[in-house]
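Notes to accompany the following structure.
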Amino acid sequence: MPLECYGDASAFILPPLPTMPPAADITQVLLPFGALVGREVDLDAFLQTLMDRIAATMQADRGTLWLLDPARRELFSRAAHLPEVSQIRVKLGQGVAGTVAQEGHSINVPDPRGEQRFFADIDRMTGYRTTSLLAVPLRDADGALYGVLQVLNRRGGDRFTPEDTERLDAIASQVSTALQSTSLYQELQRAKDQPHAPVGYFFNRIIGESPQLQAIYRLVRKAAPTDATVLLRGESGSGKELFARAVHVNGPRRDKPFVKVDCAALPATLIENELFGHERGAYTGADHRMPGKFEAADNGTVFIDEIGELPLPVQGKLLRVIQDREFERVGGTQAIKVDVRIVAATHRDLARMVAEGRFREDLYYRIKVVEVVLPPLRERGAEDIERLARHFVAAVARRHRLPPPRLSPLALERLKRYRWPGNVRELENCIESAVVLCEGEILEEHLPLPDMDRLPPASTAPQSMADPARATTTPSSAEAGLLPLAEVERLHILRVLDSVKGNRTAAAKVLEIGRNTLARKLKEYGLGDEV
């Protein structure tokens, strides 16, 4: 069977971690990674560095992390020492890794020659020669298999021993615990319910695969390893702080402080004091010296949120920090040197503020060395909305210790139609409310959304139909509530399916169509094998 290769072979590499000699104490393998699983780390780089550590610990020449694609019943290599290709896919039951995924137990192959389970096509494809192989399953907290951990060619020409199998099994347990805390694991679970949208991710905790986000991922990957000042622009709730943290976590300052200053939450008279601190006696009540955020963030990153709210005098002081890396505290005369990276964010049009004299032009050009414009959720497309919705359903259910509810087709359709003026933050709050209030299934009535975006009742004719003479005054069919016939059919099918709790046989009877016809239409709507 021909193998499929995907993606870009180049990878962003995290700053090097302290080296660790191979040791029998596998509890140390993941110790340097513990602080990263809850941060906005580049997941490919995180996984690749993790596999480097595992291969070194197991004294293996190469290692591979395989993940399960349930929709296609395949394993795909996600982090691997594969300089020859970017990615490999194998069917369940194909090769040693595919057999481990299918049968659910570890396999140690001391010599692949004559081994029926060994898939030699991979060696032929890469030009690599496998002399020994060990693979173990990855299971989640419920015992469900979702991947395979594999190492190749024990160093020194030796074979992997039963003790090596026990060690790799223990490492796999640690790896699985870590991965379940990342958005990668939630993406794998989401793909079960949204099979038409393949598994995709870049940064931990940032969900979305729309073309706009793909471009932003590439930009952040380039900017993060540098000290360039970054300006994030976008509507409120669009994810500016998450991307600011991604810039910090994936750069050389990731182990240093990330300090946030929200200019919109502070009175103008206090912003300067918050940023730069004050000396004793600087004003009434200043009875001791107080360092500011820039001093707290020395060697790290300062995130200035809503920089458009900075008063003009403070803008001048910030410009000096960017240019000269020094400032004075309020009431002070001594220059204080700092080494910080600045990431700024705003929902305002700074270029217009510059033209109106409300923002310094020299500061504007200093902070937009790398400019990242985040799209509003409504422009990211229905697929991203569904990805986010399913991600939030799982995350909220886990946070509130609830079983994950099913997202009904009609509720999902409502989420996709809504305009989301509050963007991702509004969607997350909407889903949290629905998860807490529903009874095992999120229905349309559980969504705390306004009624303005609903379609008019089927029995209510648009004005242009009731009075043909006035039809010419209607600006467009969309504004009048008119829809194409195919869209009306789709919405009606989903409403019927929702009313019978997803029972396809019952829905087909109500619609007076065959079950296969219904299945075909649902597949066209991207609902896969299950609704």
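By convention here, the chains of the structure tokens are called A, B, ... in the order presented, each chain's residues are numbered starting at 1, and ligands are numbered starting at 1 in the order presented.
For Arg280 of chain A, the residues within 12 Å (counting only C-alpha atoms, excluding itself and residues fewer than 4 positions away along the chain) are Thr284, Gly285, Ala286, Asp287, His288, Arg289, Met290, Pro291, Arg329, Val330, Gly331 and Gly332 of chain A.
Within 10 Å of Ser132 of chain A, once only C-alpha atoms are used and residues closer than 3 positions along the same chain are dropped, the contacting residues are Ala60, Asn108, Val109, Pro110, Asp111, Pro112, Arg113, Arg129, Val151, Leu152, Asn153, Arg154, Arg155, Gly157, Asp158, Arg159 and Phe160 of chain A.
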Restricted to N, CA, C and O atoms, what would the selected residues look like written as a PDB file, in the first residue's frame?
```pdb
ATOM      1  N   ALA A  60      18.092   4.674  22.306  1.00  0.00           N
ATOM      2  CA  ALA A  60      17.642   4.305  20.964  1.00  0.00           C
ATOM      3  C   ALA A  60      18.143   5.329  19.950  1.00  0.00           C
ATOM      4  O   ALA A  60      18.397   6.497  20.284  1.00  0.00           O
ATOM      5  N   ASN A 108       7.876  -6.139  21.084  1.00  0.00           N
ATOM      6  CA  ASN A 108       9.332  -6.003  21.016  1.00  0.00           C
ATOM      7  C   ASN A 108       9.820  -6.880  19.870  1.00  0.00           C
ATOM      8  O   ASN A 108       9.634  -8.098  19.883  1.00  0.00           O
ATOM      9  N   VAL A 109      10.424  -6.244  18.861  1.00  0.00           N
ATOM     10  CA  VAL A 109      10.930  -6.977  17.700  1.00  0.00           C
ATOM     11  C   VAL A 109      12.461  -6.923  17.744  1.00  0.00           C
ATOM     12  O   VAL A 109      13.062  -5.915  17.363  1.00  0.00           O
ATOM     13  N   PRO A 110      13.122  -7.976  18.230  1.00  0.00           N
ATOM     14  CA  PRO A 110      14.588  -7.950  18.326  1.00  0.00           C
ATOM     15  C   PRO A 110      15.276  -7.970  16.973  1.00  0.00           C
ATOM     16  O   PRO A 110      16.385  -7.460  16.826  1.00  0.00           O
ATOM     17  N   ASP A 111      14.613  -8.557  15.965  1.00  0.00           N
ATOM     18  CA  ASP A 111      15.200  -8.622  14.626  1.00  0.00           C
ATOM     19  C   ASP A 111      14.051  -8.620  13.617  1.00  0.00           C
ATOM     20  O   ASP A 111      13.259  -9.557  13.566  1.00  0.00           O
ATOM     21  N   PRO A 112      13.915  -7.545  12.820  1.00  0.00           N
ATOM     22  CA  PRO A 112      12.764  -7.446  11.909  1.00  0.00           C
ATOM     23  C   PRO A 112      12.823  -8.414  10.730  1.00  0.00           C
ATOM     24  O   PRO A 112      11.814  -8.625  10.056  1.00  0.00           O
ATOM     25  N   ARG A 113      13.977  -9.024  10.481  1.00  0.00           N
ATOM     26  CA  ARG A 113      14.082  -9.932   9.344  1.00  0.00           C
ATOM     27  C   ARG A 113      13.184 -11.149   9.575  1.00  0.00           C
ATOM     28  O   ARG A 113      13.298 -11.854  10.572  1.00  0.00           O
ATOM     29  N   ARG A 129      17.685   1.744   7.971  1.00  0.00           N
ATOM     30  CA  ARG A 129      17.690   0.295   8.204  1.00  0.00           C
ATOM     31  C   ARG A 129      17.354   0.018   9.669  1.00  0.00           C
ATOM     32  O   ARG A 129      18.110   0.371  10.578  1.00  0.00           O
ATOM     33  N   VAL A 151      10.347   3.173  19.621  1.00  0.00           N
ATOM     34  CA  VAL A 151      11.774   3.491  19.503  1.00  0.00           C
ATOM     35  C   VAL A 151      12.429   2.455  18.597  1.00  0.00           C
ATOM     36  O   VAL A 151      12.002   1.297  18.523  1.00  0.00           O
ATOM     37  N   LEU A 152      13.485   2.892  17.893  1.00  0.00           N
ATOM     38  CA  LEU A 152      14.160   2.043  16.908  1.00  0.00           C
ATOM     39  C   LEU A 152      15.653   1.934  17.217  1.00  0.00           C
ATOM     40  O   LEU A 152      16.283   2.909  17.640  1.00  0.00           O
ATOM     41  N   ASN A 153      16.196   0.734  16.972  1.00  0.00           N
ATOM     42  CA  ASN A 153      17.646   0.494  16.953  1.00  0.00           C
ATOM     43  C   ASN A 153      18.334   0.913  18.255  1.00  0.00           C
ATOM     44  O   ASN A 153      18.829   2.039  18.386  1.00  0.00           O
ATOM     45  N   ARG A 154      18.373  -0.041  19.193  1.00  0.00           N
ATOM     46  CA  ARG A 154      19.086   0.216  20.441  1.00  0.00           C
ATOM     47  C   ARG A 154      20.562   0.454  20.138  1.00  0.00           C
ATOM     48  O   ARG A 154      21.177  -0.272  19.359  1.00  0.00           O
ATOM     49  N   ARG A 155      21.111   1.480  20.754  1.00  0.00           N
ATOM     50  CA  ARG A 155      22.505   1.846  20.473  1.00  0.00           C
ATOM     51  C   ARG A 155      23.467   0.752  20.921  1.00  0.00           C
ATOM     52  O   ARG A 155      23.203   0.018  21.878  1.00  0.00           O
ATOM     53  N   GLY A 157      24.259  -1.743  18.979  1.00  0.00           N
ATOM     54  CA  GLY A 157      23.914  -2.982  18.307  1.00  0.00           C
ATOM     55  C   GLY A 157      23.151  -3.960  19.163  1.00  0.00           C
ATOM     56  O   GLY A 157      22.904  -5.102  18.753  1.00  0.00           O
ATOM     57  N   ASP A 158      22.764  -3.548  20.371  1.00  0.00           N
ATOM     58  CA  ASP A 158      22.023  -4.445  21.258  1.00  0.00           C
ATOM     59  C   ASP A 158      20.557  -4.506  20.848  1.00  0.00           C
ATOM     60  O   ASP A 158      20.078  -3.733  20.016  1.00  0.00           O
ATOM     61  N   ARG A 159      19.845  -5.412  21.507  1.00  0.00           N
ATOM     62  CA  ARG A 159      18.404  -5.525  21.305  1.00  0.00           C
ATOM     63  C   ARG A 159      17.691  -4.989  22.538  1.00  0.00           C
ATOM     64  O   ARG A 159      18.254  -4.954  23.633  1.00  0.00           O
ATOM     65  N   PHE A 160      16.456  -4.559  22.337  1.00  0.00           N
ATOM     66  CA  PHE A 160      15.659  -4.092  23.467  1.00  0.00           C
ATOM     67  C   PHE A 160      15.278  -5.286  24.350  1.00  0.00           C
ATOM     68  O   PHE A 160      14.855  -6.334  23.857  1.00  0.00           O
TER      69      PHE A 160
END
```
Original post:
What are the DSSP alpha helix (DSSP H) residues of segment 46-133 of chain A, as a VMD selection string?
Top reply: chain A and resid 46 to 57 95 to 103 121 to 126
**OP:** Please identify all polymer residues within 6 Å of segment 232-241 of chain A, counting only C-alpha atoms, omitting same-chain residues fewer than 6 positions from it, and present them as a PyMOL selection string.
**Re:** chain A and resi 345-347+372-374+376+422-425
**OP:** Name all residues at most 10 Å from Leu410 of chain A (count only C-alpha atoms; drop same-chain ones fewer than 6 positions away) and give them as a PyMOL selection string.
**Re:** chain A and resi 416+442-445+491-499
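Distances to Arg399 of chain A were evaluated for A:Val436, A:Pro375, A:Pro211, A:Ala268 using only C-alpha atoms, and the minimum falls at A:Val436.
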Need to verify the contact set: Ile307 of chain A, 12 Å, only C-alpha atoms, exclusion of same-chain residues closer than 4 positions in sequence. Can you return it as an mmCIF file with N, CA, C and O atoms, in the first residue's frame?
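For reference, out-v2.cif as written:
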```
data_model
loop_
_atom_site.group_PDB
_atom_site.id
_atom_site.type_symbol
_atom_site.label_atom_id
_atom_site.label_comp_id
_atom_site.auth_asym_id
_atom_site.auth_seq_id
_atom_site.Cartn_x
_atom_site.Cartn_y
_atom_site.Cartn_z
ATOM 1 N N VAL A 230 6.248 42.995 19.161
ATOM 2 C CA VAL A 230 5.095 42.474 18.424
ATOM 3 C C VAL A 230 3.852 43.268 18.806
ATOM 4 O O VAL A 230 3.612 43.523 19.996
ATOM 5 N N LEU A 231 3.076 43.665 17.810
ATOM 6 C CA LEU A 231 1.799 44.343 18.031
ATOM 7 C C LEU A 231 0.677 43.426 17.559
ATOM 8 O O LEU A 231 0.641 43.028 16.390
ATOM 9 N N LEU A 232 -0.233 43.101 18.469
ATOM 10 C CA LEU A 232 -1.391 42.257 18.161
ATOM 11 C C LEU A 232 -2.624 43.141 18.076
ATOM 12 O O LEU A 232 -2.949 43.860 19.031
ATOM 13 N N ARG A 233 -3.305 43.086 16.937
ATOM 14 C CA ARG A 233 -4.525 43.877 16.756
ATOM 15 C C ARG A 233 -5.708 42.953 16.511
ATOM 16 O O ARG A 233 -5.580 41.954 15.805
ATOM 17 N N LYS A 260 1.801 40.992 32.620
ATOM 18 C CA LYS A 260 0.734 41.669 31.867
ATOM 19 C C LYS A 260 0.331 42.967 32.546
ATOM 20 O O LYS A 260 0.194 43.032 33.768
ATOM 21 N N VAL A 261 0.129 43.997 31.711
ATOM 22 C CA VAL A 261 -0.417 45.264 32.179
ATOM 23 C C VAL A 261 -1.637 45.574 31.326
ATOM 24 O O VAL A 261 -1.521 45.700 30.108
ATOM 25 N N ASP A 262 -2.806 45.690 31.964
ATOM 26 C CA ASP A 262 -4.042 45.996 31.234
ATOM 27 C C ASP A 262 -4.329 47.483 31.374
ATOM 28 O O ASP A 262 -4.840 47.934 32.408
ATOM 29 N N CYS A 263 -3.998 48.232 30.345
ATOM 30 C CA CYS A 263 -4.151 49.690 30.405
ATOM 31 C C CYS A 263 -5.613 50.108 30.510
ATOM 32 O O CYS A 263 -5.920 51.170 31.084
ATOM 33 N N ALA A 264 -6.525 49.288 29.976
ATOM 34 C CA ALA A 264 -7.943 49.645 30.013
ATOM 35 C C ALA A 264 -8.525 49.492 31.408
ATOM 36 O O ALA A 264 -9.562 50.087 31.719
ATOM 37 N N ALA A 265 -7.876 48.698 32.259
ATOM 38 C CA ALA A 265 -8.410 48.444 33.594
ATOM 39 C C ALA A 265 -7.853 49.395 34.638
ATOM 40 O O ALA A 265 -8.231 49.331 35.804
ATOM 41 N N LEU A 266 -6.935 50.284 34.229
ATOM 42 C CA LEU A 266 -6.281 51.195 35.172
ATOM 43 C C LEU A 266 -6.656 52.639 34.877
ATOM 44 O O LEU A 266 -6.722 53.037 33.706
ATOM 45 N N ALA A 268 -5.953 56.469 34.187
ATOM 46 C CA ALA A 268 -4.809 57.062 33.492
ATOM 47 C C ALA A 268 -3.738 57.535 34.464
ATOM 48 O O ALA A 268 -2.537 57.464 34.180
ATOM 49 N N ILE A 271 -1.425 54.416 35.507
ATOM 50 C CA ILE A 271 -0.740 53.569 34.528
ATOM 51 C C ILE A 271 0.769 53.759 34.601
ATOM 52 O O ILE A 271 1.535 52.789 34.580
ATOM 53 N N LEU A 275 3.509 50.771 35.454
ATOM 54 C CA LEU A 275 4.547 50.334 34.524
ATOM 55 C C LEU A 275 5.953 50.541 35.076
ATOM 56 O O LEU A 275 6.814 49.665 34.959
ATOM 57 N N VAL A 302 7.064 41.872 28.756
ATOM 58 C CA VAL A 302 5.971 42.709 29.238
ATOM 59 C C VAL A 302 4.881 42.721 28.168
ATOM 60 O O VAL A 302 5.149 43.071 27.011
ATOM 61 N N PHE A 303 3.670 42.324 28.568
ATOM 62 C CA PHE A 303 2.527 42.356 27.654
ATOM 63 C C PHE A 303 1.672 43.558 28.013
ATOM 64 O O PHE A 303 1.043 43.594 29.078
ATOM 65 N N PRO A 311 -1.916 57.197 28.174
ATOM 66 C CA PRO A 311 -1.873 58.665 28.051
ATOM 67 C C PRO A 311 -0.614 59.077 27.274
ATOM 68 O O PRO A 311 0.416 58.401 27.320
ATOM 69 N N LEU A 312 -0.677 60.193 26.584
ATOM 70 C CA LEU A 312 0.442 60.655 25.765
ATOM 71 C C LEU A 312 1.743 60.803 26.555
ATOM 72 O O LEU A 312 2.810 60.411 26.059
ATOM 73 N N VAL A 314 2.825 59.091 29.085
ATOM 74 C CA VAL A 314 3.349 57.755 29.355
ATOM 75 C C VAL A 314 3.856 57.124 28.060
ATOM 76 O O VAL A 314 4.812 56.338 28.077
ATOM 77 N N GLN A 315 3.245 57.470 26.941
ATOM 78 C CA GLN A 315 3.719 56.955 25.650
ATOM 79 C C GLN A 315 5.169 57.359 25.410
ATOM 80 O O GLN A 315 5.979 56.567 24.918
ATOM 81 N N LEU A 318 7.402 55.178 27.512
ATOM 82 C CA LEU A 318 7.483 53.835 26.946
ATOM 83 C C LEU A 318 8.413 53.814 25.737
ATOM 84 O O LEU A 318 9.186 52.862 25.543
ATOM 85 N N ILE A 342 8.856 43.442 24.507
ATOM 86 C CA ILE A 342 7.539 44.072 24.615
ATOM 87 C C ILE A 342 6.608 43.481 23.565
ATOM 88 O O ILE A 342 6.923 43.441 22.368
ATOM 89 N N VAL A 343 5.461 43.009 24.040
ATOM 90 C CA VAL A 343 4.366 42.588 23.175
ATOM 91 C C VAL A 343 3.178 43.456 23.545
ATOM 92 O O VAL A 343 2.817 43.553 24.725
ATOM 93 N N ALA A 344 2.585 44.111 22.576
ATOM 94 C CA ALA A 344 1.462 45.020 22.823
ATOM 95 C C ALA A 344 0.226 44.532 22.081
ATOM 96 O O ALA A 344 0.328 43.800 21.093
ATOM 97 N N ALA A 345 -0.934 44.941 22.589
ATOM 98 C CA ALA A 345 -2.198 44.547 21.951
ATOM 99 C C ALA A 345 -3.186 45.697 22.030
ATOM 100 O O ALA A 345 -3.143 46.517 22.958
ATOM 101 N N THR A 346 -4.071 45.759 21.052
ATOM 102 C CA THR A 346 -5.106 46.786 21.050
ATOM 103 C C THR A 346 -6.257 46.378 20.141
ATOM 104 O O THR A 346 -6.066 45.607 19.196
ATOM 105 N N HIS A 347 -7.453 46.894 20.446
ATOM 106 C CA HIS A 347 -8.582 46.722 19.539
ATOM 107 C C HIS A 347 -8.834 48.011 18.755
ATOM 108 O O HIS A 347 -9.714 48.059 17.907
ATOM 109 N N ARG A 348 -8.022 49.030 19.035
ATOM 110 C CA ARG A 348 -8.208 50.329 18.390
ATOM 111 C C ARG A 348 -7.428 50.423 17.086
ATOM 112 O O ARG A 348 -6.477 49.681 16.854
ATOM 113 N N ASP A 349 -7.827 51.382 16.248
ATOM 114 C CA ASP A 349 -7.120 51.694 15.004
ATOM 115 C C ASP A 349 -6.034 52.716 15.337
ATOM 116 O O ASP A 349 -6.282 53.925 15.369
ATOM 117 N N LEU A 350 -4.826 52.229 15.613
ATOM 118 C CA LEU A 350 -3.758 53.129 16.046
ATOM 119 C C LEU A 350 -3.343 54.104 14.948
ATOM 120 O O LEU A 350 -2.963 55.236 15.242
ATOM 121 N N MET A 353 -5.571 56.927 15.207
ATOM 122 C CA MET A 353 -5.254 57.708 16.407
ATOM 123 C C MET A 353 -4.016 58.559 16.184
ATOM 124 O O MET A 353 -3.930 59.674 16.694
ATOM 125 N N ARG A 358 -3.695 61.449 18.827
ATOM 126 C CA ARG A 358 -3.958 60.804 20.121
ATOM 127 C C ARG A 358 -2.979 59.672 20.428
ATOM 128 O O ARG A 358 -3.029 59.079 21.500
ATOM 129 N N PHE A 359 -2.090 59.382 19.466
ATOM 130 C CA PHE A 359 -1.071 58.362 19.688
ATOM 131 C C PHE A 359 0.198 58.798 18.980
ATOM 132 O O PHE A 359 0.155 59.256 17.821
ATOM 133 N N ARG A 360 1.326 58.643 19.670
ATOM 134 C CA ARG A 360 2.595 59.112 19.101
ATOM 135 C C ARG A 360 2.975 58.307 17.873
ATOM 136 O O ARG A 360 2.988 57.073 17.894
ATOM 137 N N LEU A 363 6.188 56.168 18.431
ATOM 138 C CA LEU A 363 5.914 54.964 19.221
ATOM 139 C C LEU A 363 5.180 53.926 18.382
ATOM 140 O O LEU A 363 5.465 52.725 18.479
ATOM 141 N N TYR A 364 4.248 54.400 17.559
ATOM 142 C CA TYR A 364 3.478 53.480 16.708
ATOM 143 C C TYR A 364 4.403 52.644 15.828
ATOM 144 O O TYR A 364 4.270 51.417 15.749
ATOM 145 N N ILE A 367 6.448 49.980 17.888
ATOM 146 C CA ILE A 367 5.789 48.782 18.439
ATOM 147 C C ILE A 367 5.272 47.842 17.354
ATOM 148 O O ILE A 367 4.968 46.689 17.636
ATOM 149 N N LYS A 368 5.194 48.314 16.107
ATOM 150 C CA LYS A 368 4.656 47.445 15.059
ATOM 151 C C LYS A 368 5.759 46.850 14.187
ATOM 152 O O LYS A 368 5.615 46.737 12.972
#
```
**OP:** Have a look at A:Gln186, A:Gln212, A:Thr131, A:Thr226 and name the one nearest to Gly200 of chain A; count only C-alpha atoms.
**Re:** A:Gln186
**OP:** Work out how far apart atom CA of Gln174 of chain A and atom CA of Phe258 of chain A are and give it in Å to one decimal.
**Re:** 27.5 Å
Original post:
Residues of segment 56-140 of chain A in strand (DSSP E) according to DSSP, as number ranges by chain?
Top reply: A: 60-69, 74-80, 89-91, 107-109, 133-139
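Taking atom CA of Arg253 of chain A as the reference point, atom CA of Arg341 of chain A is found at 8.5 Å.
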Original post:
Within 7 Å of segment 195-199 of chain A, counting only C-alpha atoms, which residues qualify if same-chain residues fewer than 6 places away don't, as a VMD selection string?
Top reply: chain A and resid 71 187 to 188 526 528
Go ahead and dump the residues you just picked, all heavy atoms, as an mmCIF file, in the first residue's frame.
```cif
data_model
loop_
_atom_site.group_PDB
_atom_site.id
_atom_site.type_symbol
_atom_site.label_atom_id
_atom_site.label_comp_id
_atom_site.auth_asym_id
_atom_site.auth_seq_id
_atom_site.Cartn_x
_atom_site.Cartn_y
_atom_site.Cartn_z
ATOM 1 N N ALA A 71 -11.248 8.561 12.427
ATOM 2 C CA ALA A 71 -12.127 8.648 11.267
ATOM 3 C C ALA A 71 -11.598 7.804 10.113
ATOM 4 O O ALA A 71 -12.362 7.143 9.398
ATOM 5 C CB ALA A 71 -12.304 10.097 10.835
ATOM 6 N N GLU A 187 -8.092 17.759 20.610
ATOM 7 C CA GLU A 187 -8.273 17.766 19.153
ATOM 8 C C GLU A 187 -8.525 16.352 18.649
ATOM 9 O O GLU A 187 -9.353 16.131 17.760
ATOM 10 C CB GLU A 187 -7.010 18.300 18.538
ATOM 11 C CG GLU A 187 -6.961 19.294 17.441
ATOM 12 C CD GLU A 187 -8.148 19.648 16.643
ATOM 13 O OE1 GLU A 187 -9.112 20.186 17.165
ATOM 14 O OE2 GLU A 187 -8.108 19.421 15.420
ATOM 15 N N LEU A 188 -7.820 15.375 19.202
ATOM 16 C CA LEU A 188 -8.030 13.981 18.806
ATOM 17 C C LEU A 188 -9.446 13.527 19.151
ATOM 18 O O LEU A 188 -10.090 12.806 18.378
ATOM 19 C CB LEU A 188 -7.014 13.072 19.497
ATOM 20 C CG LEU A 188 -5.543 13.261 19.091
ATOM 21 C CD1 LEU A 188 -4.643 12.460 20.019
ATOM 22 C CD2 LEU A 188 -5.313 12.845 17.649
ATOM 23 N N GLY A 526 -21.571 17.490 6.319
ATOM 24 C CA GLY A 526 -20.359 17.357 7.120
ATOM 25 C C GLY A 526 -20.574 16.775 8.482
ATOM 26 O O GLY A 526 -19.770 16.986 9.391
ATOM 27 N N GLY A 528 -20.790 13.440 9.132
ATOM 28 C CA GLY A 528 -20.118 12.150 9.273
ATOM 29 C C GLY A 528 -21.075 11.016 9.517
ATOM 30 O O GLY A 528 -22.254 11.050 9.164
#
```
Subject >> Surrounding residues of Gln323 of chain A excluding itself and chain neighbours under 3 positions, 12 Å, only C-alpha atoms, as a PyMOL selection string >> reply: chain A and resi 229+316-320+326-327+337-342+362-363+365-367
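Nearest residue to Arg417 of chain A, choosing from A:Leu134, A:Ile122, A:Ile385, A:Ala79 and counting only C-alpha atoms: A:Ile385.
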**OP:** For each of A:Leu138, A:Arg325, A:Leu447, A:Gly208, take the minimum atom-to-atom distance to Glu386 of chain A, counting only C-alpha atoms, then give the residue where this is smallest.
**Re:** A:Gly208
